[in-house]
Number of protein chains: 2
Amino acid sequence: MKIPPVKGTRDFYPEDMAVRNFLEQGWRQVSLRNGFEEYDGPIFEHLEMFTAKSGEEIVEQLFSLTDRGGRRLAIRPEITPTLARMVNQRINALPRPIKWFSIPRLCRAEKPQKGRLREFFQWNIDIIGESDVLADAEAIFTAVDYLQEVGLGPADVSIRISSRKMLAAVLVALGIDADQLEGLYTVLDKRAKVDDQAFEKMLAEKLPDTKKRQKVIDLMQVKDIGQISDVAELSSEASEAVAELKRLFVLLEAMGIADFCTFDIGIVRGLAYYTGIVFEIHDAGSRLRAIGGGGRYDNLLKLFGGPEVPATGFGIGDCVLAILLEEKGLLGRNVPAQTIDYYLACADQKYQREVLSVAARIRRVGFSAEFTYKTGSLGKQLKQASSKNARQAIIIGQEIEAGELAVKDMATGEQSNVAMETFFAELDRSRK
Amino acid sequence: MKIPPVKGTRDFYPEDMAVRNFLEQGWRQVSLRNGFEEYDGPIFEHLEMFTAKSGEEIVEQLFSLTDRGGRRLAIRPEITPTLARMVNQRINALPRPIKWFSIPRLCRAEKPQKGRLREFFQWNIDIIGESDVLADAEAIFTAVDYLQEVGLGPADVSIRISSRKMLAAVLVALGIDADQLEGLYTVLDKRAKVDDQAFEKMLAEKLPDTKKRQKVIDLMQVKDIGQISDVAELSSEASEAVAELKRLFVLLEAMGIADFCTFDIGIVRGLAYYTGIVFEIHDAGSRLRAIGGGGRYDNLLKLFGGPEVPATGFGIGDCVLAILLEEKGLLGRNVPAQTIDYYLACADQKYQREVLSVAARIRRVGFSAEFTYKTGSLGKQLKQASSKNARQAIIIGQEIEAGELAVKDMATGEQSNVAMETFFAELDRSRK
């Protein structure tokens, strides 16, 4: 009986797993050096965890299940609700700011497309307990630190930044009702994805008033933070939000990553829950989907039954990122093939026990060692050593009776006999 | 709205995640040095993948779900069916022996108990394409290599080994029908878990014949491989299986791990699919559940629509292992708290930009750096540096105007000024 894998999922053969590990190790390394601690939650949660944040319409995109007790559960499509639950559970014990990261496996019951699968991995960074825009700057720095680490420069990727707080204040200053904002965000979020006509048509549905509509269209043309005040007379709230945005760019400049960052009023983010700075990471040509995105969400903990605590963060998925790295030639060179420190060749079946004994000792000291199960010709074994990327081959033959190993460097082909105890004394010294 | 986690799942706060990472990194490191390559599959598969191997009764223990296309899926309770599918898909392209490992997240819809949760992680090692008992020996060696690596010795854990092939051949030699074997295995597997009376009662249900039953009871008393022939007259098949078991112990001796390994005829393993050597890893006192187990399963690939290819392997879960390591005091000392290379203290708010710039440069070179969001007193900042386990504190004050950093060793308390360029030149040399 042959059963295929589920559509939209991936099998990670060793060469695929090497890529996944390369991405995850990079995320982990950069998170740690930026002072974040790792956390994780369960693969499934009570279904309401996800509807609480994203509404009932999310249910369609969830893999939901019912357990034997009749409870409705769902495989997590994101980790933010879990984060909110975990932080709320210990809100009084955790020293702030809470700087946490996670690399969850996530599932969405979507139609699989390029860069969008039903199962994926996502790097999440969150800073909880700090309202200052400095926390947003550090989140953005951490993302750029990773992008630079894997070899992406400002010509490859850009961080496009705006502010929900600024947008809300300016839209209100333009005469738009506060309760119209949420509906408007979903339209504005699509600005870059549709042409002018389609955008104006969508906008007209939300804003029948021609004059107000034109003001919004003008606002969305703004290229520079300084131009915002040309379009609308700024309320004190709007001025404050604009000043905060400007300060963010000053901080990003101090952190040395200004060349990656641009203001883009078109960055709105679809989700209702953002409350301040919002940003997305795109490839320079914007040919692909967003590589990642995030922003400030000061109400999330409260939404999950906790106190009001400011928070900011972002997520970067593995699918689009891997496509971009592959296109730029940054995977092949960075993801080396697995190597073996020592391949033990057996010159005669009668030495098999010695082969096993030496292999075991090498492994116990922390080095990798391989041997063949079937003692064939030495030439065949050395060929296998080479195909396994062995650095050294150790030939166990009659030298072993004098307590010696024949050690062959696989790169240079040089071979010499070494007393076994000398060999292990040296190995011990360079212990891994 | 407060929503609790699902019963039987775990939240991994940073201190819990550190333990999980410690276990996983150890598994990965030992797998690689024993020549295994990492793979993984999707978190869910078509439901039939699991019923194919374990029968319809497994459905009760699965978290199953139905996708929008009406397909019945299940979260994986084990990774072996996925392994079989993946290997079968590329059976002609993969060089043999295939030595693969994985660290899957698995879910079982069981009642949570000590050492048994609804979500857990399991180290899996498999060797496919080699029928010689040497492959079984290498699998066992890899398990022991890990146990030793984390500090467990023969006084703490033991590998209890038997052979399904031997058991089957001897039971048949004792006059038991081949088609009675499978039912008998589930009873014999419970030998160590129940008292003599209960065992004999269970056995009587499967074997009404008193004489045969007594022979089986005698067989299960055997302590030494050499005694098997005292209980039954060995057929040629049984002799072969006994010889193979003896050879396994010779190989384990050559590998230097004989003191961990004992023959235990009571190791049967419940699952029907084992075909040769079987083993379990127990704490020395057998107070806990099995830490892990495995064996040879030469029919698995065929069961999943592939050719007949020999295979052997094992799994070790994280729950019981962590309990044992905790009891032995081997977690605390091995799982160090997260440290920070440099904590940047800001002597005056006016130097904040310099703090950000120096922190960014340190991180970009690969070292970890932290700074405070709120410039309080130096004393308060140094206290934070200490609570974050910083190795060095860098105080950015008026020295920065002369291009210097005040570097304080947090262990010794020694402090000296270093020219910024000297500092970074040195950092670059020791680049991580």
# chains A, B, ... in the order shown; residues from 1 in each chain; ligands from 1
$ closest_atom_pairs --of "chain B" --to "chain A" --cutoff "7 Å" --atoms "only C-alpha atoms" --output "tab-separated table"
residue	atom	partner	partner_atom	distance
B:Met1	CA	A:Gly305	CA	4.4
B:Lys2	CA	A:Gly305	CA	4.8
B:Ile3	CA	A:Met49	CA	6.8
B:Pro5	CA	A:Glu45	CA	6.2
B:Val6	CA	A:Glu45	CA	5.8
B:Thr9	CA	A:Pro42	CA	5.8
B:Arg10	CA	A:Pro42	CA	6.0
B:Asp11	CA	A:Gly41	CA	4.6
B:Phe12	CA	A:Asp40	CA	4.9
B:Tyr13	CA	A:Tyr39	CA	5.1
B:Pro14	CA	A:Tyr39	CA	5.0
B:Met17	CA	A:Tyr39	CA	5.7
B:Leu32	CA	A:Ser368	CA	6.6
B:Arg33	CA	A:Ser368	CA	3.5
B:Asn34	CA	A:Ser368	CA	5.9
B:Gly35	CA	A:Glu370	CA	5.8
B:Glu37	CA	A:Pro14	CA	5.9
B:Glu38	CA	A:Pro14	CA	5.3
B:Tyr39	CA	A:Pro14	CA	5.0
B:Asp40	CA	A:Phe12	CA	4.9
B:Gly41	CA	A:Asp11	CA	4.6
B:Pro42	CA	A:Thr9	CA	5.9
B:Glu45	CA	A:Val6	CA	5.8
B:His46	CA	A:Val6	CA	6.4
B:Met49	CA	A:Ile3	CA	6.8
B:Phe63	CA	A:Asp67	CA	6.8
B:Ser64	CA	A:Leu65	CA	6.6
B:Leu65	CA	A:Leu65	CA	5.1
B:Asp67	CA	A:Phe63	CA	6.8
B:Leu134	CA	A:Tyr373	CA	6.9
B:Asp145	CA	A:Arg364	CA	6.5
B:Ala254	CA	A:Ser357	CA	5.4
B:Met255	CA	A:Ser357	CA	4.8
B:Gly256	CA	A:Ser357	CA	6.7
B:Leu303	CA	A:Met1	CA	6.7
B:Phe304	CA	A:Met1	CA	5.2
B:Gly305	CA	A:Met1	CA	4.4
B:Arg353	CA	A:Ala254	CA	5.4
B:Leu356	CA	A:Met255	CA	5.4
B:Ser357	CA	A:Met255	CA	4.8
B:Ala360	CA	A:Met255	CA	5.5
B:Arg363	CA	A:Arg33	CA	5.9
B:Arg364	CA	A:Asp145	CA	6.5
B:Gly366	CA	A:Arg33	CA	6.9
B:Phe367	CA	A:Arg33	CA	5.8
B:Ser368	CA	A:Arg33	CA	3.5
B:Ala369	CA	A:Arg33	CA	6.0
B:Glu370	CA	A:Gly35	CA	5.8
B:Tyr373	CA	A:Leu134	CA	6.9
$ write_last_selection --atoms "C-alpha atoms" --output "JSON list (two decimals), in the first residue's frame"
[["chain", "number", "residue", "atom", "x", "y", "z"],
["B", 1, "MET", "CA", -10.68, 36.08, 28.19],
["B", 2, "LYS", "CA", -8.29, 33.56, 29.76],
["B", 3, "ILE", "CA", -7.86, 30.28, 27.88],
["B", 5, "PRO", "CA", -3.33, 25.27, 27.57],
["B", 6, "VAL", "CA", -4.60, 21.87, 26.41],
["B", 9, "THR", "CA", 0.78, 19.57, 26.56],
["B", 10, "ARG", "CA", 3.68, 21.67, 27.81],
["B", 11, "ASP", "CA", 4.59, 25.32, 27.65],
["B", 12, "PHE", "CA", 8.33, 25.70, 27.16],
["B", 13, "TYR", "CA", 9.36, 28.79, 29.10],
["B", 14, "PRO", "CA", 13.00, 29.74, 28.49],
["B", 17, "MET", "CA", 13.32, 25.31, 26.43],
["B", 32, "LEU", "CA", 26.14, 13.09, 13.52],
["B", 33, "ARG", "CA", 29.29, 11.64, 15.03],
["B", 34, "ASN", "CA", 27.86, 8.16, 14.53],
["B", 35, "GLY", "CA", 27.38, 8.94, 10.85],
["B", 37, "GLU", "CA", 21.96, 12.23, 8.60],
["B", 38, "GLU", "CA", 18.93, 14.20, 9.79],
["B", 39, "TYR", "CA", 15.49, 14.04, 8.14],
["B", 40, "ASP", "CA", 11.98, 15.07, 9.12],
["B", 41, "GLY", "CA", 8.46, 14.80, 7.72],
["B", 42, "PRO", "CA", 5.21, 16.71, 8.10],
["B", 45, "GLU", "CA", -0.09, 12.41, 7.47],
["B", 46, "HIS", "CA", -3.05, 10.62, 5.92],
["B", 49, "MET", "CA", -0.35, 5.76, 7.38],
["B", 63, "PHE", "CA", -5.38, 13.28, 17.15],
["B", 64, "SER", "CA", -7.23, 12.94, 13.87],
["B", 65, "LEU", "CA", -8.73, 15.66, 11.72],
["B", 67, "ASP", "CA", -9.32, 18.66, 5.98],
["B", 134, "LEU", "CA", 26.35, -5.35, 13.09],
["B", 145, "ASP", "CA", 27.08, 6.84, 23.20],
["B", 254, "ALA", "CA", 34.32, -4.83, 20.86],
["B", 255, "MET", "CA", 32.57, -1.44, 20.90],
["B", 256, "GLY", "CA", 33.34, -1.13, 24.60],
["B", 303, "LEU", "CA", 4.20, -2.87, 4.41],
["B", 304, "PHE", "CA", 4.24, 0.65, 2.96],
["B", 305, "GLY", "CA", 4.32, -0.48, -0.65],
["B", 353, "ARG", "CA", 23.29, 56.69, 20.12],
["B", 356, "LEU", "CA", 23.25, 51.56, 20.13],
["B", 357, "SER", "CA", 26.10, 51.87, 17.67],
["B", 360, "ALA", "CA", 25.09, 46.85, 16.91],
["B", 363, "ARG", "CA", 26.34, 41.81, 17.55],
["B", 364, "ARG", "CA", 27.32, 42.02, 13.89],
["B", 366, "GLY", "CA", 28.84, 37.52, 16.31],
["B", 367, "PHE", "CA", 28.99, 38.30, 20.03],
["B", 368, "SER", "CA", 25.95, 38.87, 22.19],
["B", 369, "ALA", "CA", 25.23, 42.33, 23.54],
["B", 370, "GLU", "CA", 22.48, 43.87, 25.62],
["B", 373, "TYR", "CA", 15.92, 50.75, 27.32]]
$ select_by_dssp --residues "range 98-229 of chain B" --states "strand (DSSP E)" --output "list in words"
Ile98, Lys99, Trp100, Phe101, Ser102, Arg105, Leu106, Cys107, Glu119, Phe120, Phe121, Gln122, Trp123, Asn124, Ile125, Asp126, Ile127, Ile128, Val157, Ser158, Ile159, Arg160, Ile161, Ser162 and Ser163 of chain B
$ write_last_selection --atoms "C-alpha atoms" --output "PDB file, in the first residue's frame"
ATOM      1  CA  ILE B  98      20.709   4.525   4.818  1.00  0.00           C
ATOM      2  CA  LYS B  99      21.635   5.874   8.255  1.00  0.00           C
ATOM      3  CA  TRP B 100      19.104   8.532   9.239  1.00  0.00           C
ATOM      4  CA  PHE B 101      17.997  10.210  12.425  1.00  0.00           C
ATOM      5  CA  SER B 102      15.158  12.536  13.344  1.00  0.00           C
ATOM      6  CA  ARG B 105       7.455  16.318  17.682  1.00  0.00           C
ATOM      7  CA  LEU B 106       4.790  13.632  18.240  1.00  0.00           C
ATOM      8  CA  CYS B 107       1.276  13.581  19.704  1.00  0.00           C
ATOM      9  CA  GLU B 119       2.845  15.887  23.095  1.00  0.00           C
ATOM     10  CA  PHE B 120       6.487  14.893  23.263  1.00  0.00           C
ATOM     11  CA  PHE B 121       9.757  14.751  21.359  1.00  0.00           C
ATOM     12  CA  GLN B 122      11.497  11.562  20.358  1.00  0.00           C
ATOM     13  CA  TRP B 123      14.966  10.821  19.066  1.00  0.00           C
ATOM     14  CA  ASN B 124      14.794   8.261  16.246  1.00  0.00           C
ATOM     15  CA  ILE B 125      17.734   6.413  14.728  1.00  0.00           C
ATOM     16  CA  ASP B 126      17.313   4.056  11.781  1.00  0.00           C
ATOM     17  CA  ILE B 127      19.647   1.968   9.675  1.00  0.00           C
ATOM     18  CA  ILE B 128      18.057   0.685   6.481  1.00  0.00           C
ATOM     19  CA  VAL B 157      20.869   2.590  32.881  1.00  0.00           C
ATOM     20  CA  SER B 158      20.892  -0.745  31.111  1.00  0.00           C
ATOM     21  CA  ILE B 159      20.151  -1.935  27.622  1.00  0.00           C
ATOM     22  CA  ARG B 160      18.099  -5.115  27.847  1.00  0.00           C
ATOM     23  CA  ILE B 161      18.332  -7.147  24.715  1.00  0.00           C
ATOM     24  CA  SER B 162      16.590 -10.142  23.226  1.00  0.00           C
ATOM     25  CA  SER B 163      15.595 -11.438  19.794  1.00  0.00           C
TER      26      SER B 163
END
$ residues_around --residues "range 169-178 of chain A" --least-positions-apart "5" --cutoff "10 Å" --atoms "only C-alpha atoms" --output "list in words"
Ser163, Arg164, Leu184, Leu207, Asp209, Lys211, Lys212, Arg213, Lys215, Val216, Leu219, Ile228, Ser229, Val231, Ala232, Glu233, Leu234, Ser235, Ser236, Glu237, Ala238, Ser239, Glu240, Ala241 and Val242 of chain A
$ select_by_dssp --residues "range 177-422 of chain B" --states "alpha helix (DSSP H)" --output "number ranges by chain"
B: 181-188, 196-206, 210-219, 228-231, 236-254, 300-303, 318-327, 352-364, 378-387, 420-422
$ write_last_selection --atoms "C-alpha atoms" --output "PDB file, in the first residue's frame"
ATOM      1  CA  LEU B 181       2.787 -16.041  18.284  1.00  0.00           C
ATOM      2  CA  GLU B 182       1.442 -12.544  17.801  1.00  0.00           C
ATOM      3  CA  GLY B 183      -1.138 -12.911  20.579  1.00  0.00           C
ATOM      4  CA  LEU B 184       1.507 -14.438  22.815  1.00  0.00           C
ATOM      5  CA  TYR B 185       3.960 -11.540  22.321  1.00  0.00           C
ATOM      6  CA  THR B 186       1.576  -9.040  23.932  1.00  0.00           C
ATOM      7  CA  VAL B 187       1.345 -11.292  27.013  1.00  0.00           C
ATOM      8  CA  LEU B 188       5.101 -12.009  27.219  1.00  0.00           C
ATOM      9  CA  ASP B 196       3.679 -14.326  38.587  1.00  0.00           C
ATOM     10  CA  GLN B 197       0.017 -15.163  39.179  1.00  0.00           C
ATOM     11  CA  ALA B 198      -1.346 -12.477  36.899  1.00  0.00           C
ATOM     12  CA  PHE B 199       1.167 -13.451  34.235  1.00  0.00           C
ATOM     13  CA  GLU B 200       0.186 -17.117  34.386  1.00  0.00           C
ATOM     14  CA  LYS B 201      -3.475 -16.193  34.189  1.00  0.00           C
ATOM     15  CA  MET B 202      -2.946 -14.040  31.081  1.00  0.00           C
ATOM     16  CA  LEU B 203      -0.823 -16.773  29.592  1.00  0.00           C
ATOM     17  CA  ALA B 204      -3.465 -19.449  30.282  1.00  0.00           C
ATOM     18  CA  GLU B 205      -5.944 -17.474  28.173  1.00  0.00           C
ATOM     19  CA  LYS B 206      -3.610 -17.667  25.197  1.00  0.00           C
ATOM     20  CA  THR B 210      -0.661 -26.767  30.646  1.00  0.00           C
ATOM     21  CA  LYS B 211       2.465 -28.505  29.421  1.00  0.00           C
ATOM     22  CA  LYS B 212       3.209 -25.957  26.727  1.00  0.00           C
ATOM     23  CA  ARG B 213       2.432 -23.182  29.170  1.00  0.00           C
ATOM     24  CA  GLN B 214       4.953 -24.521  31.676  1.00  0.00           C
ATOM     25  CA  LYS B 215       7.594 -24.678  28.972  1.00  0.00           C
ATOM     26  CA  VAL B 216       6.950 -21.019  28.140  1.00  0.00           C
ATOM     27  CA  ILE B 217       7.150 -20.105  31.840  1.00  0.00           C
ATOM     28  CA  ASP B 218      10.466 -21.963  32.080  1.00  0.00           C
ATOM     29  CA  LEU B 219      11.732 -20.221  28.973  1.00  0.00           C
ATOM     30  CA  ILE B 228      18.060 -21.423  26.078  1.00  0.00           C
ATOM     31  CA  SER B 229      19.129 -24.813  24.760  1.00  0.00           C
ATOM     32  CA  ASP B 230      18.423 -26.319  28.212  1.00  0.00           C
ATOM     33  CA  VAL B 231      14.747 -25.396  27.887  1.00  0.00           C
ATOM     34  CA  SER B 236      18.344 -24.941  13.018  1.00  0.00           C
ATOM     35  CA  GLU B 237      16.450 -21.664  12.797  1.00  0.00           C
ATOM     36  CA  ALA B 238      16.512 -21.267  16.573  1.00  0.00           C
ATOM     37  CA  SER B 239      20.218 -22.118  16.703  1.00  0.00           C
ATOM     38  CA  GLU B 240      20.915 -19.488  14.086  1.00  0.00           C
ATOM     39  CA  ALA B 241      18.960 -16.881  16.026  1.00  0.00           C
ATOM     40  CA  VAL B 242      20.806 -17.796  19.233  1.00  0.00           C
ATOM     41  CA  ALA B 243      24.140 -17.551  17.416  1.00  0.00           C
ATOM     42  CA  GLU B 244      23.172 -14.128  16.095  1.00  0.00           C
ATOM     43  CA  LEU B 245      22.336 -12.942  19.616  1.00  0.00           C
ATOM     44  CA  LYS B 246      25.699 -14.221  20.850  1.00  0.00           C
ATOM     45  CA  ARG B 247      27.473 -12.437  18.006  1.00  0.00           C
ATOM     46  CA  LEU B 248      25.661  -9.216  18.895  1.00  0.00           C
ATOM     47  CA  PHE B 249      27.152  -9.359  22.382  1.00  0.00           C
ATOM     48  CA  VAL B 250      30.623  -9.975  20.934  1.00  0.00           C
ATOM     49  CA  LEU B 251      30.245  -6.837  18.780  1.00  0.00           C
ATOM     50  CA  LEU B 252      28.949  -4.774  21.718  1.00  0.00           C
ATOM     51  CA  GLU B 253      31.995  -5.939  23.698  1.00  0.00           C
ATOM     52  CA  ALA B 254      34.325  -4.830  20.862  1.00  0.00           C
ATOM     53  CA  LEU B 300       8.273  -2.283   7.317  1.00  0.00           C
ATOM     54  CA  LEU B 301       9.158  -0.859   3.920  1.00  0.00           C
ATOM     55  CA  LYS B 302       7.209  -3.615   2.214  1.00  0.00           C
ATOM     56  CA  LEU B 303       4.195  -2.868   4.412  1.00  0.00           C
ATOM     57  CA  ASP B 318      12.208  13.240  26.046  1.00  0.00           C
ATOM     58  CA  CYS B 319       9.857  12.789  29.032  1.00  0.00           C
ATOM     59  CA  VAL B 320      11.232   9.771  30.922  1.00  0.00           C
ATOM     60  CA  LEU B 321      14.797  10.693  29.974  1.00  0.00           C
ATOM     61  CA  ALA B 322      14.403  14.172  31.470  1.00  0.00           C
ATOM     62  CA  ILE B 323      12.942  12.724  34.674  1.00  0.00           C
ATOM     63  CA  LEU B 324      15.930  10.381  35.057  1.00  0.00           C
ATOM     64  CA  LEU B 325      18.516  13.081  34.282  1.00  0.00           C
ATOM     65  CA  GLU B 326      16.831  15.406  36.753  1.00  0.00           C
ATOM     66  CA  GLU B 327      16.862  12.698  39.450  1.00  0.00           C
ATOM     67  CA  GLN B 352      22.396  56.573  23.823  1.00  0.00           C
ATOM     68  CA  ARG B 353      23.290  56.694  20.124  1.00  0.00           C
ATOM     69  CA  GLU B 354      26.830  55.556  20.917  1.00  0.00           C
ATOM     70  CA  VAL B 355      25.425  52.713  23.032  1.00  0.00           C
ATOM     71  CA  LEU B 356      23.254  51.560  20.130  1.00  0.00           C
ATOM     72  CA  SER B 357      26.101  51.869  17.669  1.00  0.00           C
ATOM     73  CA  VAL B 358      28.557  49.866  19.801  1.00  0.00           C
ATOM     74  CA  ALA B 359      25.910  47.203  20.611  1.00  0.00           C
ATOM     75  CA  ALA B 360      25.085  46.854  16.914  1.00  0.00           C
ATOM     76  CA  ARG B 361      28.757  46.459  15.960  1.00  0.00           C
ATOM     77  CA  ILE B 362      29.368  43.838  18.665  1.00  0.00           C
ATOM     78  CA  ARG B 363      26.344  41.812  17.555  1.00  0.00           C
ATOM     79  CA  ARG B 364      27.318  42.023  13.893  1.00  0.00           C
ATOM     80  CA  LEU B 378      24.962  53.073  36.533  1.00  0.00           C
ATOM     81  CA  GLY B 379      24.571  50.907  39.637  1.00  0.00           C
ATOM     82  CA  LYS B 380      21.137  49.784  38.526  1.00  0.00           C
ATOM     83  CA  GLN B 381      22.404  48.998  35.031  1.00  0.00           C
ATOM     84  CA  LEU B 382      25.345  46.979  36.364  1.00  0.00           C
ATOM     85  CA  LYS B 383      22.910  45.055  38.529  1.00  0.00           C
ATOM     86  CA  GLN B 384      20.913  44.229  35.396  1.00  0.00           C
ATOM     87  CA  ALA B 385      24.166  43.227  33.670  1.00  0.00           C
ATOM     88  CA  SER B 386      24.807  40.814  36.512  1.00  0.00           C
ATOM     89  CA  SER B 387      21.282  39.378  36.478  1.00  0.00           C
ATOM     90  CA  MET B 420      37.327  51.548  20.568  1.00  0.00           C
ATOM     91  CA  GLU B 421      39.275  50.507  17.485  1.00  0.00           C
ATOM     92  CA  THR B 422      41.565  48.238  19.540  1.00  0.00           C
TER      93      THR B 422
END
$ atom_distance --atom1 "CA of Ala258 in chain B" --atom2 "CA of Gln392 in chain A"
28.0 Å
$ closest_residue --among "B:Cys261, B:Ile394, B:Leu167, B:Leu271" --to "Lys53 in chain B" --atoms "only C-alpha atoms"
B:Leu271
$ residues_around --residues "Gly276 in chain B" --least-positions-apart "3" --cutoff "8 Å" --atoms "only C-alpha atoms" --output "ChimeraX atom specification"
/B:163-166,295-297
$ decode --residues "range 275-281 of chain B" --atoms "all heavy atoms" --output "mmCIF file, in the first residue's frame"
data_model
loop_
_atom_site.group_PDB
_atom_site.id
_atom_site.type_symbol
_atom_site.label_atom_id
_atom_site.label_comp_id
_atom_site.auth_asym_id
_atom_site.auth_seq_id
_atom_site.Cartn_x
_atom_site.Cartn_y
_atom_site.Cartn_z
ATOM 1 N N THR B 275 11.177 -8.092 13.848
ATOM 2 C CA THR B 275 11.529 -9.370 13.200
ATOM 3 C C THR B 275 12.851 -9.958 13.672
ATOM 4 O O THR B 275 13.222 -11.055 13.244
ATOM 5 C CB THR B 275 11.644 -9.190 11.670
ATOM 6 O OG1 THR B 275 12.627 -8.166 11.422
ATOM 7 C CG2 THR B 275 10.328 -8.785 11.046
ATOM 8 N N GLY B 276 13.607 -9.239 14.505
ATOM 9 C CA GLY B 276 14.921 -9.768 14.906
ATOM 10 C C GLY B 276 15.278 -9.284 16.295
ATOM 11 O O GLY B 276 14.477 -9.413 17.229
ATOM 12 N N ILE B 277 16.469 -8.722 16.434
ATOM 13 C CA ILE B 277 16.925 -8.169 17.717
ATOM 14 C C ILE B 277 15.911 -7.136 18.217
ATOM 15 O O ILE B 277 15.420 -6.313 17.437
ATOM 16 C CB ILE B 277 18.304 -7.487 17.526
ATOM 17 C CG1 ILE B 277 19.378 -8.499 17.097
ATOM 18 C CG2 ILE B 277 18.727 -6.712 18.780
ATOM 19 C CD1 ILE B 277 19.673 -9.584 18.108
ATOM 20 N N VAL B 278 15.562 -7.197 19.492
ATOM 21 C CA VAL B 278 14.732 -6.155 20.122
ATOM 22 C C VAL B 278 15.438 -5.726 21.406
ATOM 23 O O VAL B 278 16.136 -6.526 22.033
ATOM 24 C CB VAL B 278 13.304 -6.655 20.466
ATOM 25 C CG1 VAL B 278 12.415 -6.689 19.236
ATOM 26 C CG2 VAL B 278 13.340 -8.029 21.131
ATOM 27 N N PHE B 279 15.282 -4.449 21.767
ATOM 28 C CA PHE B 279 15.898 -3.995 23.021
ATOM 29 C C PHE B 279 15.146 -2.831 23.632
ATOM 30 O O PHE B 279 14.391 -2.139 22.957
ATOM 31 C CB PHE B 279 17.380 -3.652 22.809
ATOM 32 C CG PHE B 279 17.621 -2.453 21.940
ATOM 33 C CD1 PHE B 279 17.828 -1.203 22.503
ATOM 34 C CD2 PHE B 279 17.658 -2.558 20.557
ATOM 35 C CE1 PHE B 279 18.065 -0.078 21.706
ATOM 36 C CE2 PHE B 279 17.887 -1.452 19.752
ATOM 37 C CZ PHE B 279 18.095 -0.205 20.329
ATOM 38 N N GLU B 280 15.338 -2.691 24.924
ATOM 39 C CA GLU B 280 14.764 -1.558 25.638
ATOM 40 C C GLU B 280 15.824 -0.956 26.542
ATOM 41 O O GLU B 280 16.721 -1.647 27.010
ATOM 42 C CB GLU B 280 13.562 -1.999 26.492
ATOM 43 C CG GLU B 280 12.349 -2.338 25.653
ATOM 44 C CD GLU B 280 11.134 -2.747 26.485
ATOM 45 O OE1 GLU B 280 11.215 -2.721 27.736
ATOM 46 O OE2 GLU B 280 10.124 -3.123 25.876
ATOM 47 N N ILE B 281 15.687 0.345 26.768
ATOM 48 C CA ILE B 281 16.608 1.047 27.653
ATOM 49 C C ILE B 281 15.849 1.374 28.931
ATOM 50 O O ILE B 281 14.791 2.010 28.872
ATOM 51 C CB ILE B 281 17.116 2.341 26.987
ATOM 52 C CG1 ILE B 281 17.694 2.024 25.604
ATOM 53 C CG2 ILE B 281 18.138 3.042 27.876
ATOM 54 C CD1 ILE B 281 17.852 3.241 24.722
#
